[in-house]
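The structure appears right after this line, and notes come after that.
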Amino acid sequence: MTGIELYDTTLRDGMQGEGMSLSAPEKVRVAHKLDEIGLDLIEAGFPSSNPKELELFELLSRETFGHAQIAAFGMTRRRGMRADEDPALQVLADCFAPVCTLVGKTWGLHVEKVLRVDRAENLRMISESVAFLVGAGKRVVYDAEHFFDGFADDREYALACLRAAAAAGASTVVCCDTNGGTLPDGITDAMRAVVGAFDGTGVAVGIHTHDDAGCGVANTIAAVQAGATHVQGTINGYGERCGNANLVTLIPNLQLKLGRTCVSDEQLAALTAGAHFFDELLNFTPDPDQPYVGRNAFAHKGGMHVAGVNVDPAAYEHIDPAVVGNDRAVLVSELSGKGTVLARAADAGLTLDDGTAARVIDRVKELEHRGYHFEAAEGSFELLLRRETGAYEPLFRLESWRAIVEKRADGRVETEATVKLWVGGERYVRTAEGNGPVNALDRALRDALVEIHPDLAGIDLVNFKVRILDEAKGTGAVTRVLLDASDGERVWGSIGVSENVIEASWEALVDSLEYGMQARGHPRGERPARAGAQE
């Protein structure tokens with residue numbers, strides 16, 4: 001087989017990670033996004049575990065999916081109880097989900113100390129539970145919990161657990177590295193034995209790994225290379241402890257590196273946006289270093305690397321970033337060479353001669369020595385390019401700004417800012433209050449400019465980071481402020497550096513707005529003078 005069945009457990013296993021919390025309607029949104037990016041099976045959780053899960057299954061029962069099937073999750077029957085008498089198994093049998101995933105014990109330590117039954121009874125629990133759900137018309141996926149620990153402890157018994165599930169009608173048996181501590185060679189050895197045991201039976205073999213040893217993705221790949229055709233994981237590697245195998249990394253690895261069909265080319269190209277969707281829904285910051293989809297996955301900083309990419313991207317990129325919906329980034333720093341500057345200028349639609357490029361490089365080195373950091377401030381860097389090429393027109397000309405913070409005896413803190421500036425030959429004076437000096441300055445500045453540049457209303461500050469550059473100087477140290485702004489489609493960074501944190505913030509704020517207007521192609525200072533502009 002060349003195809004891989006993708007099984008997502010974000011809504012169950014992934015939700016056990018720290019900080020993971022979604023409402024039932026939000027989980028429905030997740031299910032639809034998983035369907036869009038090509039997942040085959042979506043494990044929605046335990047329909048009998050709590051009211052939220054019951055609500056989720058009720059909502060999902062009314063939804064239509066283009067490709068994916070919903071799987072309900074549960075455990076083998078309780079000891080001392082018949083399968084048809086177990087209320088949790090009955091809930092699985094009665095629910096709308098066409099697929100049921102059962103987890104059962106495989107490791108003798110768990111059988112004897114957790115379940116407290118003998119090994120023969122555990123096999124009956126597996127067999128009878130699977131047979132009950134198959135009899136109810138369900139496709140059953142059997143998850144062999146702690147399989148690799150069990151295989152290392154008693155190879156024959158671990159295989160017997162899988163055979164019991166398959167003989168009872170399970171379509172897929174999944175080997176789980178529940179503790180996440182197995183290394184790839186251990187996965188390979190065990191999976192070869194399992195695949196050999198089920199060769200020719202029609203029963204698919206799957207893999208489910210955790211990342212406690214940092215090998216979740218590598219272990220899954222090892223299992224597939226050993227013959228597994230069913231792969232379980234979570235989006236962005238969410239999960240308990242160190243997380244689960246990351247499907248966002250696995251999908252392109254399996255499809256692009258191993259030639260195993262997982263999703264369509266269109267779905268693969270939507271992977272970056274999809275991965276970021278889940279982080280945003282969970283209020284997480286996307287990992288910039290995540291393979292394939294991270295902001296830095298195809299970022300080039302060193303001058304030699306940039307020069308090589310400009311000649312042939314394959315020189316320093318293992319795939320075309322567009323294949324997974326990502327973009328190449330050329331980072332600007334004191335390490336940058338002429339190729340970096342020329343590449344960034346070309347992206348901005350600017351033409352630089354060698355002399356100008358050399359001046360930009362020298363300027364960047366000078367500014368980074370003072371504390372600037374243009375890697376994360378592409379907006380400020382493009383403005384620097386425009387200043388050096390003469391293609392820059394300021395949004396306004398500053399006369400002055402002032403910020404006042406007052407703490408009162410009753411505990412209230414009030415902040416007021418005033419800006420005085422010139423636009424198109426007119427003087428504007430605006431005062432605004434805010435929940436801090438930067439917010440007040442932002443409001444006053446926008447109030448002065450928005451009549452001439454209404455598009456400013458569509459640019460929002462989405463992140464604000466402050467860093468002290470010389471801790472030995474304490475509150476008198478030079479401060480670096482990084483702002484992220486967005487127009488709803490793109491996000492860009494800007495930077496300010498000063499011993500005064502408010503001045504650094506003002507510099508970054510102005511750059512963020514000027515770059516945002518620049519990116520929209522908005523003209524500067526072209527509004528004819530109006531009477532009464534000054535207030």
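Every chain in the structure tokens has a letter given in the order shown (A, B, ...), and although residue numbers restart at 1 in each chain, ligands are simply numbered from 1 in the order shown.
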Query raised in the report: Do you know which residues are at most 9 Å from Phe46 in chain A counting only C-alpha atoms, after dropping those on the same chain fewer than 4 positions away, and could you put them as an MDAnalysis selection string?
Result: chainID A and resid 12 50 53:54 72:74 88 92
**Report entry** Per-residue DSSP, range 195-364 of chain A, filtered to strand (DSSP E or B), as a PyMOL selection string
**Finding:** chain A and resi 204-210+230-234+244+246+261+299-300+329-330
Query raised in the report: Could you pull the residues within 8 Å of Pro437 in chain A, counting only C-alpha atoms, minus those fewer than 5 positions along the same chain, as an MDAnalysis selection string?
Result: chainID A and resid 403:405 415:417 502
Report task. May I have the residues within 10 Å of His110 in chain A as a ChimeraX atom specification, using only C-alpha atoms and disregarding those fewer than 6 positions away in the same chain? Result -> /A:104,116-117,145-146,150
Query raised in the report: In terms of the shortest atom-to-atom distance over only C-alpha atoms, which of A:Val28, A:Ala222, A:Cys215, A:Leu22 is closest to Asp189 in chain A?
Result: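 Once distances to Asp189 in chain A are computed over only C-alpha atoms, the minimum belongs to A:Ala222.
Running DSSP on the backbone and keeping only alpha helix (DSSP H), the residues of range 219-272 of chain A that qualify are Asn219, Thr220, Ile221, Ala222, Ala223, Val224, Gln225, Leu247, Val248, Thr249, Leu250, Ile251, Pro252, Asp265, Glu266, Gln267, Leu268, Ala269, Leu271 and Thr272 of chain A.
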Query raised in the report: Restricting the calculation to only C-alpha atoms, which member of A:Ala158, A:Cys242, A:Val324, A:Val205 is positioned closest to Gln16 in chain A?
Result: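 Closest residue, counting only C-alpha atoms: A:Cys242.
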Report summary line: A straight line from CA of Ser486 in chain A to CA of Ile459 in chain A spans 5.6 Å
